[in-house]
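Everything below belongs to entry18.cif, which stores mmCIF, C-alpha atoms.
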```
data_structure
#
loop_
_atom_site.group_PDB
_atom_site.id
_atom_site.type_symbol
_atom_site.label_atom_id
_atom_site.label_comp_id
_atom_site.auth_asym_id
_atom_site.auth_seq_id
_atom_site.Cartn_x
_atom_site.Cartn_y
_atom_site.Cartn_z
ATOM 1 C CA MET A 1 0.000 0.000 0.000
ATOM 2 C CA LEU A 2 1.279 3.436 -0.885
ATOM 3 C CA VAL A 3 0.262 6.337 1.287
ATOM 4 C CA LEU A 4 1.294 9.862 0.427
ATOM 5 C CA ASP A 5 2.427 11.903 3.365
ATOM 6 C CA ARG A 6 1.173 15.182 1.963
ATOM 7 C CA ALA A 7 -1.540 16.624 4.174
ATOM 8 C CA PRO A 8 -1.961 17.758 7.774
ATOM 9 C CA GLY A 9 -2.713 14.712 9.868
ATOM 10 C CA ALA A 10 -1.228 12.294 7.350
ATOM 11 C CA SER A 11 1.503 11.250 9.778
ATOM 12 C CA ALA A 12 -1.108 10.196 12.354
ATOM 13 C CA ASP A 13 -2.928 8.213 9.644
ATOM 14 C CA LEU A 14 0.311 6.493 8.730
ATOM 15 C CA ARG A 15 0.979 5.546 12.360
ATOM 16 C CA ARG A 16 -2.554 4.144 12.669
ATOM 17 C CA LEU A 17 -2.104 2.042 9.520
ATOM 18 C CA ARG A 18 1.273 0.781 10.749
ATOM 19 C CA ASP A 19 -0.287 -0.116 14.115
ATOM 20 C CA ARG A 20 -2.865 -2.213 12.262
ATOM 21 C CA GLY A 21 -0.079 -4.157 10.586
ATOM 22 C CA HIS A 22 -0.256 -2.562 7.137
ATOM 23 C CA GLN A 23 2.921 -2.077 5.173
ATOM 24 C CA VAL A 24 3.185 1.663 4.634
ATOM 25 C CA LYS A 25 5.542 3.477 2.356
ATOM 26 C CA THR A 26 5.877 7.240 2.180
ATOM 27 C CA GLN A 27 6.638 9.024 -1.028
ATOM 28 C CA ALA A 28 10.183 10.308 -1.343
ATOM 29 C CA THR A 29 10.717 14.001 -0.725
ATOM 30 C CA PRO A 30 9.808 15.865 -3.924
ATOM 31 C CA THR A 31 12.682 17.433 -5.822
ATOM 32 C CA VAL A 32 11.039 20.841 -5.627
ATOM 33 C CA TRP A 33 10.913 22.037 -2.052
ATOM 34 C CA VAL A 34 7.794 23.908 -1.069
ATOM 35 C CA SER A 35 7.674 25.768 2.198
ATOM 36 C CA PRO A 36 5.250 24.102 4.623
ATOM 37 C CA TYR A 37 3.923 27.578 5.384
ATOM 38 C CA ARG A 38 2.882 27.825 1.759
ATOM 39 C CA ARG A 39 1.757 24.230 1.441
ATOM 40 C CA TYR A 40 -0.378 24.208 4.588
ATOM 41 C CA PRO A 41 -1.264 27.880 5.133
ATOM 42 C CA ASP A 42 -4.006 27.121 7.675
ATOM 43 C CA PHE A 43 -1.998 24.504 9.515
ATOM 44 C CA MET A 44 1.431 26.014 9.978
ATOM 45 C CA ARG A 45 2.174 29.060 12.071
ATOM 46 C CA ARG A 46 5.379 30.955 11.548
ATOM 47 C CA PRO A 47 7.546 30.963 14.661
ATOM 48 C CA GLU A 48 8.567 34.190 16.336
ATOM 49 C CA VAL A 49 11.848 35.197 14.752
ATOM 50 C CA GLU A 50 14.481 37.685 15.611
ATOM 51 C CA LEU A 51 15.446 39.703 12.537
ATOM 52 C CA SER A 52 19.075 39.994 11.544
ATOM 53 C CA ASP A 53 20.515 43.522 11.587
ATOM 54 C CA ALA A 54 20.291 43.826 7.804
ATOM 55 C CA ALA A 55 16.670 42.665 7.729
ATOM 56 C CA ALA A 56 15.754 44.930 10.647
ATOM 57 C CA ARG A 57 17.350 47.844 8.818
ATOM 58 C CA TYR A 58 15.361 47.038 5.689
ATOM 59 C CA VAL A 59 12.115 46.926 7.663
ATOM 60 C CA GLU A 60 12.987 50.260 9.292
ATOM 61 C CA GLU A 61 13.630 51.826 5.900
ATOM 62 C CA HIS A 62 10.465 50.358 4.410
ATOM 63 C CA PRO A 63 7.718 50.826 6.989
ATOM 64 C CA GLY A 64 4.761 48.529 6.491
ATOM 65 C CA VAL A 65 6.708 45.951 4.507
ATOM 66 C CA ILE A 66 5.881 43.103 6.913
ATOM 67 C CA GLU A 67 2.217 43.993 6.833
ATOM 68 C CA LYS A 68 2.269 44.127 3.051
ATOM 69 C CA LEU A 69 3.996 40.769 2.803
ATOM 70 C CA ALA A 70 1.528 39.157 5.174
ATOM 71 C CA GLY A 71 -1.484 40.398 3.289
ATOM 72 C CA GLY A 72 -0.106 40.720 -0.209
ATOM 73 C CA ILE A 73 1.085 43.975 -1.681
ATOM 74 C CA PRO A 74 -1.589 46.364 -2.876
ATOM 75 C CA ASP A 75 -0.923 47.970 -6.259
ATOM 76 C CA GLY A 76 0.868 51.266 -6.053
ATOM 77 C CA SER A 77 2.492 50.614 -2.677
ATOM 78 C CA ARG A 78 5.099 48.011 -3.617
ATOM 79 C CA PRO A 79 8.407 48.139 -1.830
ATOM 80 C CA ALA A 80 11.375 48.677 -4.107
ATOM 81 C CA LEU A 81 14.972 47.540 -4.232
ATOM 82 C CA THR A 82 17.503 50.076 -3.055
ATOM 83 C CA ALA A 83 19.828 51.681 -5.599
ATOM 84 C CA GLU A 84 22.639 49.608 -4.074
ATOM 85 C CA GLN A 85 20.747 46.346 -4.545
ATOM 86 C CA LYS A 86 19.905 47.261 -8.134
ATOM 87 C CA ALA A 87 23.535 48.101 -8.889
ATOM 88 C CA HIS A 88 24.670 44.806 -7.329
ATOM 89 C CA LEU A 89 22.227 42.852 -9.476
ATOM 90 C CA ARG A 90 23.241 44.729 -12.621
ATOM 91 C CA ASN A 91 26.933 44.113 -11.913
ATOM 92 C CA ARG A 92 26.333 40.418 -11.332
ATOM 93 C CA LEU A 93 24.406 40.192 -14.608
ATOM 94 C CA HIS A 94 27.281 41.840 -16.494
ATOM 95 C CA GLU A 95 29.858 39.582 -14.790
ATOM 96 C CA ALA A 96 27.881 36.405 -15.527
ATOM 97 C CA ARG A 97 27.346 37.478 -19.135
ATOM 98 C CA ALA A 98 31.044 38.277 -19.596
ATOM 99 C CA TYR A 99 32.041 34.926 -18.091
ATOM 100 C CA ALA A 100 29.612 32.953 -20.294
ATOM 101 C CA GLY A 101 31.084 34.640 -23.370
ATOM 102 C CA SER A 102 34.714 34.162 -22.324
ATOM 103 C CA ILE A 103 36.951 31.342 -23.536
ATOM 104 C CA GLU A 104 37.025 29.933 -20.002
ATOM 105 C CA GLY A 105 33.223 30.010 -19.759
ATOM 106 C CA ARG A 106 32.706 28.426 -23.158
ATOM 107 C CA THR A 107 35.254 25.710 -22.413
ATOM 108 C CA GLU A 108 33.532 24.924 -19.115
ATOM 109 C CA ALA A 109 30.139 24.809 -20.828
ATOM 110 C CA ASP A 110 31.407 22.534 -23.616
ATOM 111 C CA ALA A 111 32.970 20.115 -21.132
ATOM 112 C CA PHE A 112 29.710 19.881 -19.160
ATOM 113 C CA LEU A 113 27.604 19.449 -22.290
ATOM 114 C CA VAL A 114 29.866 16.656 -23.524
ATOM 115 C CA LYS A 115 29.524 14.969 -20.119
ATOM 116 C CA VAL A 116 25.714 14.886 -20.365
ATOM 117 C CA GLY A 117 25.683 13.922 -24.063
ATOM 118 C CA LEU A 118 24.460 17.205 -25.542
ATOM 119 C CA ARG A 119 27.695 17.893 -27.381
ATOM 120 C CA ARG A 120 30.265 15.607 -28.976
ATOM 121 C CA MET B 121 27.451 41.483 -29.385
ATOM 122 C CA THR B 122 23.915 40.144 -28.992
ATOM 123 C CA ASP B 123 22.894 39.657 -25.382
ATOM 124 C CA PRO B 124 22.082 35.967 -24.739
ATOM 125 C CA GLY B 125 19.628 37.079 -22.018
ATOM 126 C CA ILE B 126 18.655 35.154 -18.904
ATOM 127 C CA VAL B 127 17.211 31.724 -18.128
ATOM 128 C CA VAL B 128 14.768 31.391 -15.247
ATOM 129 C CA ASP B 129 14.084 28.240 -13.230
ATOM 130 C CA ALA B 130 11.000 27.203 -11.228
ATOM 131 C CA SER B 131 12.103 29.110 -8.113
ATOM 132 C CA SER B 132 12.297 32.369 -10.090
ATOM 133 C CA LEU B 133 9.007 31.680 -11.856
ATOM 134 C CA VAL B 134 7.245 30.992 -8.560
ATOM 135 C CA GLU B 135 8.552 34.126 -6.880
ATOM 136 C CA TYR B 136 7.716 36.229 -9.937
ATOM 137 C CA ALA B 137 4.197 34.787 -10.005
ATOM 138 C CA LEU B 138 3.658 35.354 -6.265
ATOM 139 C CA ASN B 139 4.638 38.976 -6.842
ATOM 140 C CA ASP B 140 5.998 39.691 -3.370
ATOM 141 C CA LEU B 141 9.325 41.040 -2.153
ATOM 142 C CA ARG B 142 11.298 38.244 -3.795
ATOM 143 C CA ALA B 143 9.819 39.148 -7.204
ATOM 144 C CA LEU B 144 11.682 42.468 -7.114
ATOM 145 C CA PRO B 145 15.097 41.189 -8.321
ATOM 146 C CA ILE B 146 13.379 39.438 -11.232
ATOM 147 C CA ASP B 147 11.474 42.605 -12.119
ATOM 148 C CA GLU B 148 14.770 44.483 -12.042
ATOM 149 C CA LEU B 149 16.449 41.964 -14.364
ATOM 150 C CA LEU B 150 13.503 42.143 -16.763
ATOM 151 C CA ARG B 151 13.717 45.929 -16.729
ATOM 152 C CA GLU B 152 17.450 45.755 -17.435
ATOM 153 C CA LEU B 153 16.913 43.437 -20.404
ATOM 154 C CA ARG B 154 14.026 45.505 -21.743
ATOM 155 C CA GLU B 155 15.664 48.909 -21.427
ATOM 156 C CA ASP B 156 19.328 48.117 -21.888
ATOM 157 C CA THR B 157 20.291 45.017 -23.823
ATOM 158 C CA GLY B 158 17.084 43.677 -25.379
ATOM 159 C CA GLY B 159 18.209 40.140 -24.427
ATOM 160 C CA PRO B 160 15.600 37.359 -24.293
ATOM 161 C CA VAL B 161 14.075 35.632 -21.261
ATOM 162 C CA LEU B 162 14.377 31.868 -21.723
ATOM 163 C CA ILE B 163 11.775 29.799 -19.894
ATOM 164 C CA PRO B 164 12.394 26.026 -19.733
ATOM 165 C CA TRP B 165 9.212 24.001 -20.063
ATOM 166 C CA LEU B 166 10.180 21.612 -17.264
ATOM 167 C CA ALA B 167 10.534 24.605 -14.923
ATOM 168 C CA VAL B 168 7.088 25.905 -15.898
ATOM 169 C CA ASP B 169 5.644 22.508 -15.091
ATOM 170 C CA GLU B 170 7.213 22.558 -11.616
ATOM 171 C CA ALA B 171 6.131 26.144 -10.973
ATOM 172 C CA GLN B 172 2.542 25.250 -11.878
ATOM 173 C CA GLN B 173 2.607 22.378 -9.391
ATOM 174 C CA ILE B 174 3.926 24.626 -6.620
ATOM 175 C CA LEU B 175 1.393 27.369 -7.343
ATOM 176 C CA GLY B 176 -1.410 24.815 -7.690
ATOM 177 C CA ASP B 177 -3.807 26.501 -5.243
ATOM 178 C CA ASP B 178 -3.177 30.137 -6.152
ATOM 179 C CA PRO B 179 -5.179 31.221 -9.217
ATOM 180 C CA ALA B 180 -3.843 34.791 -9.209
ATOM 181 C CA ALA B 181 -0.230 33.580 -9.227
ATOM 182 C CA LEU B 182 -0.992 30.983 -11.899
ATOM 183 C CA LYS B 183 -2.490 33.693 -14.079
ATOM 184 C CA ARG B 184 0.600 35.876 -13.662
ATOM 185 C CA LEU B 185 2.792 32.880 -14.520
ATOM 186 C CA GLU B 186 0.677 32.154 -17.599
ATOM 187 C CA GLU B 187 0.983 35.761 -18.774
ATOM 188 C CA PHE B 188 4.744 35.715 -18.235
ATOM 189 C CA VAL B 189 5.109 32.490 -20.197
ATOM 190 C CA GLY B 190 2.793 33.853 -22.904
ATOM 191 C CA ALA B 191 4.919 36.984 -23.241
ATOM 192 C CA HIS B 192 8.265 35.195 -23.563
ATOM 193 C CA GLY B 193 7.426 31.698 -24.828
ATOM 194 C CA VAL B 194 8.868 28.436 -23.522
ATOM 195 C CA ARG B 195 11.782 26.239 -24.525
ATOM 196 C CA PHE B 196 10.617 22.664 -24.874
ATOM 197 C CA ALA B 197 12.902 19.742 -24.130
ATOM 198 C CA ASP B 198 13.533 17.279 -26.974
ATOM 199 C CA ALA B 199 14.432 13.631 -26.326
ATOM 200 C CA GLU B 200 18.148 14.410 -26.157
ATOM 201 C CA MET B 201 17.573 17.212 -23.665
ATOM 202 C CA VAL B 202 15.301 15.036 -21.506
ATOM 203 C CA LYS B 203 18.033 12.382 -21.426
ATOM 204 C CA ALA B 204 20.624 14.955 -20.353
ATOM 205 C CA VAL B 205 18.257 16.357 -17.708
ATOM 206 C CA ASP B 206 17.628 12.846 -16.348
ATOM 207 C CA LEU B 207 21.356 12.264 -16.171
ATOM 208 C CA MET B 208 21.882 15.470 -14.182
ATOM 209 C CA VAL B 209 18.961 14.755 -11.863
ATOM 210 C CA ALA B 210 20.124 11.193 -11.192
ATOM 211 C CA GLY B 211 23.495 12.335 -9.919
ATOM 212 C CA SER B 212 22.332 15.226 -7.734
ATOM 213 C CA ASP B 213 19.392 16.704 -5.817
ATOM 214 C CA LEU B 214 18.496 19.015 -8.705
ATOM 215 C CA SER B 215 14.891 19.143 -9.865
ATOM 216 C CA HIS B 216 14.123 18.497 -13.539
ATOM 217 C CA GLY B 217 13.247 22.156 -14.068
ATOM 218 C CA LEU B 218 16.489 23.384 -12.511
ATOM 219 C CA ALA B 219 18.557 20.912 -14.543
ATOM 220 C CA HIS B 220 16.756 21.992 -17.737
ATOM 221 C CA ALA B 221 17.423 25.653 -16.900
ATOM 222 C CA ALA B 222 21.107 24.930 -16.145
ATOM 223 C CA LEU B 223 21.568 23.134 -19.462
ATOM 224 C CA LEU B 224 19.811 25.892 -21.411
ATOM 225 C CA SER B 225 22.149 28.395 -19.777
ATOM 226 C CA LEU B 226 25.182 26.383 -20.900
ATOM 227 C CA LEU B 227 23.845 25.919 -24.430
ATOM 228 C CA THR B 228 22.887 29.545 -25.028
ATOM 229 C CA GLY B 229 25.319 31.507 -22.830
ATOM 230 C CA ALA B 230 22.373 33.097 -21.004
ATOM 231 C CA SER B 231 22.804 33.780 -17.278
ATOM 232 C CA LEU B 232 20.777 31.556 -14.972
ATOM 233 C CA ALA B 233 18.604 33.554 -12.539
ATOM 234 C CA THR B 234 17.564 31.431 -9.585
ATOM 235 C CA TYR B 235 16.712 31.291 -5.886
ATOM 236 C CA ALA B 236 18.151 27.757 -5.780
ATOM 237 C CA ALA B 237 21.833 28.673 -6.215
ATOM 238 C CA PRO B 238 23.008 26.576 -3.213
ATOM 239 C CA THR B 239 21.453 23.462 -4.792
ATOM 240 C CA LEU B 240 23.328 24.144 -8.027
ATOM 241 C CA ALA B 241 26.570 24.720 -6.139
ATOM 242 C CA ARG B 242 26.142 21.402 -4.290
ATOM 243 C CA ALA B 243 25.642 19.681 -7.662
ATOM 244 C CA GLY B 244 29.032 20.996 -8.795
ATOM 245 C CA TYR B 245 27.606 23.379 -11.382
ATOM 246 C CA GLY B 246 29.835 26.313 -12.419
ATOM 247 C CA MET B 247 28.445 29.243 -10.433
ATOM 248 C CA ARG B 248 30.004 32.133 -12.325
ATOM 249 C CA ARG B 249 27.153 32.173 -14.836
ATOM 250 C CA VAL B 250 24.512 31.954 -12.087
ATOM 251 C CA LEU B 251 22.631 34.969 -10.712
ATOM 252 C CA ASP B 252 21.889 34.115 -7.095
ATOM 253 C CA LEU B 253 18.742 36.198 -6.555
ATOM 254 C CA ASP B 254 18.781 35.567 -2.816
ATOM 255 C CA GLU B 255 22.172 37.225 -2.512
ATOM 256 C CA ILE B 256 20.864 40.772 -2.268
ATOM 257 C CA PHE B 257 18.664 39.875 0.714
ATOM 258 C CA ARG B 258 21.484 38.250 2.678
ATOM 259 C CA ASP B 259 23.622 39.866 5.323
ATOM 260 C CA GLU B 260 26.733 41.523 3.998
#
```
If you convert what's in this file into structure tokens, what do you get?
Amino acid sequence: MLVLDRAPGASADLRRLRDRGHQVKTQATPTVWVSPYRRYPDFMRRPEVELSDAAARYVEEHPGVIEKLAGGIPDGSRPALTAEQKAHLRNRLHEARAYAGSIEGRTEADAFLVKVGLRR
Amino acid sequence: MTDPGIVVDASSLVEYALNDLRALPIDELLRELREDTGGPVLIPWLAVDEAQQILGDDPAALKRLEEFVGAHGVRFADAEMVKAVDLMVAGSDLSHGLAHAALLSLLTGASLATYAAPTLARAGYGMRRVLDLDEIFRDE
């Protein structure tokens, strides 16, 4: 018998079935991880957390961000990335693009593609 | 030189579709491509499939995902690609969508934008072409 451990209370059901002598197998962990808070929104409660300094700073600079995240973000009041964050992202994009186009990057890509049979 | 653009995996698609704080880096990349380089957004079909499964109970997010995919199109996986994806997945804890995205990035030279960078690093994938979207939210 195959029982999928996918819903609140499923573990208790599995124990009950095992107690009755059934052979129970659980499905392997899926390759895509989904936060239990997202998977079981009515079942899971987020623990109290202490924010790191950087996160606390961000919340201070963007009042209402927690509230917006909890209830979705109404149009017109979206938080935005800081200029620093945008510059960091842009730099990383340029670096990654330059690497992919470099001899080193192309050689690395070719070697990997040969390994998985996409290039001879 | 033509910009090869970016490839997105399921983690990026999900965050974009949920449209919360973690969608902001993706919005910024899209803006950069649109206004600066004109590079394409490559969406692997196997990643779309995973994103749809994750967003299964959120119609608003699914609609946003559908519109995104409609705007940029998807890259399907032929038999050879599926074989290569299976090979990558078998030897690591990568999902099919992430492996498909990683291979598309190598084939096209596009940068891979993902929230699953640590998984790629553990799989031994070359990280210099990866845009770790989580990076800007981490402590310096």
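Residues of protein, DNA and RNA with at least one atom no farther than 9 Å from (17.8, 27.0, -11.7) are, using only C-alpha atoms, Val127, Val128, Asp129, Ala130, Ser131, Ser132, Ala167, Leu214, Ser215, Gly217, Leu218, Ala219, His220, Ala221, Ala222, Leu232, Ala233, Thr234, Tyr235, Ala236, Ala237, Thr239, Leu240 and Val250 of chain B.
Across the structure, atom CA of Glu108 of chain A and atom CA of Gly246 of chain B are spaced 7.8 Å apart.
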Spell out the residues picked by the PyMOL selection byres ((chain A and resi 101) around 12) here, as a ChimeraX atom specification.
/A:94-100,102-109 /B:121-125,225-231,248-249
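Each of B:Ile256, B:Ala243, B:Ala197, B:Ala191 was compared to chain A using all atoms listed in the file, and B:Ile256 turns out to be the nearest.
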For the file shown, report as a PyMOL selection string the outcome of the PyMOL selection byres ((chain B and resi 160) around 8) at residue level.
chain B and resi 123-126+153+158-159+161-162+192
Across B:Leu133, B:Ala210, B:Leu144, B:Val194, the smallest distance to chain A, with all atoms listed in the file counted, is shown by B:Leu144
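Of the listed residues A:Leu93, A:Val59, A:Ala83, A:Leu51, the one whose atoms come nearest to Leu150 of chain B is A:Leu93, with distances taken using only C-alpha atoms.
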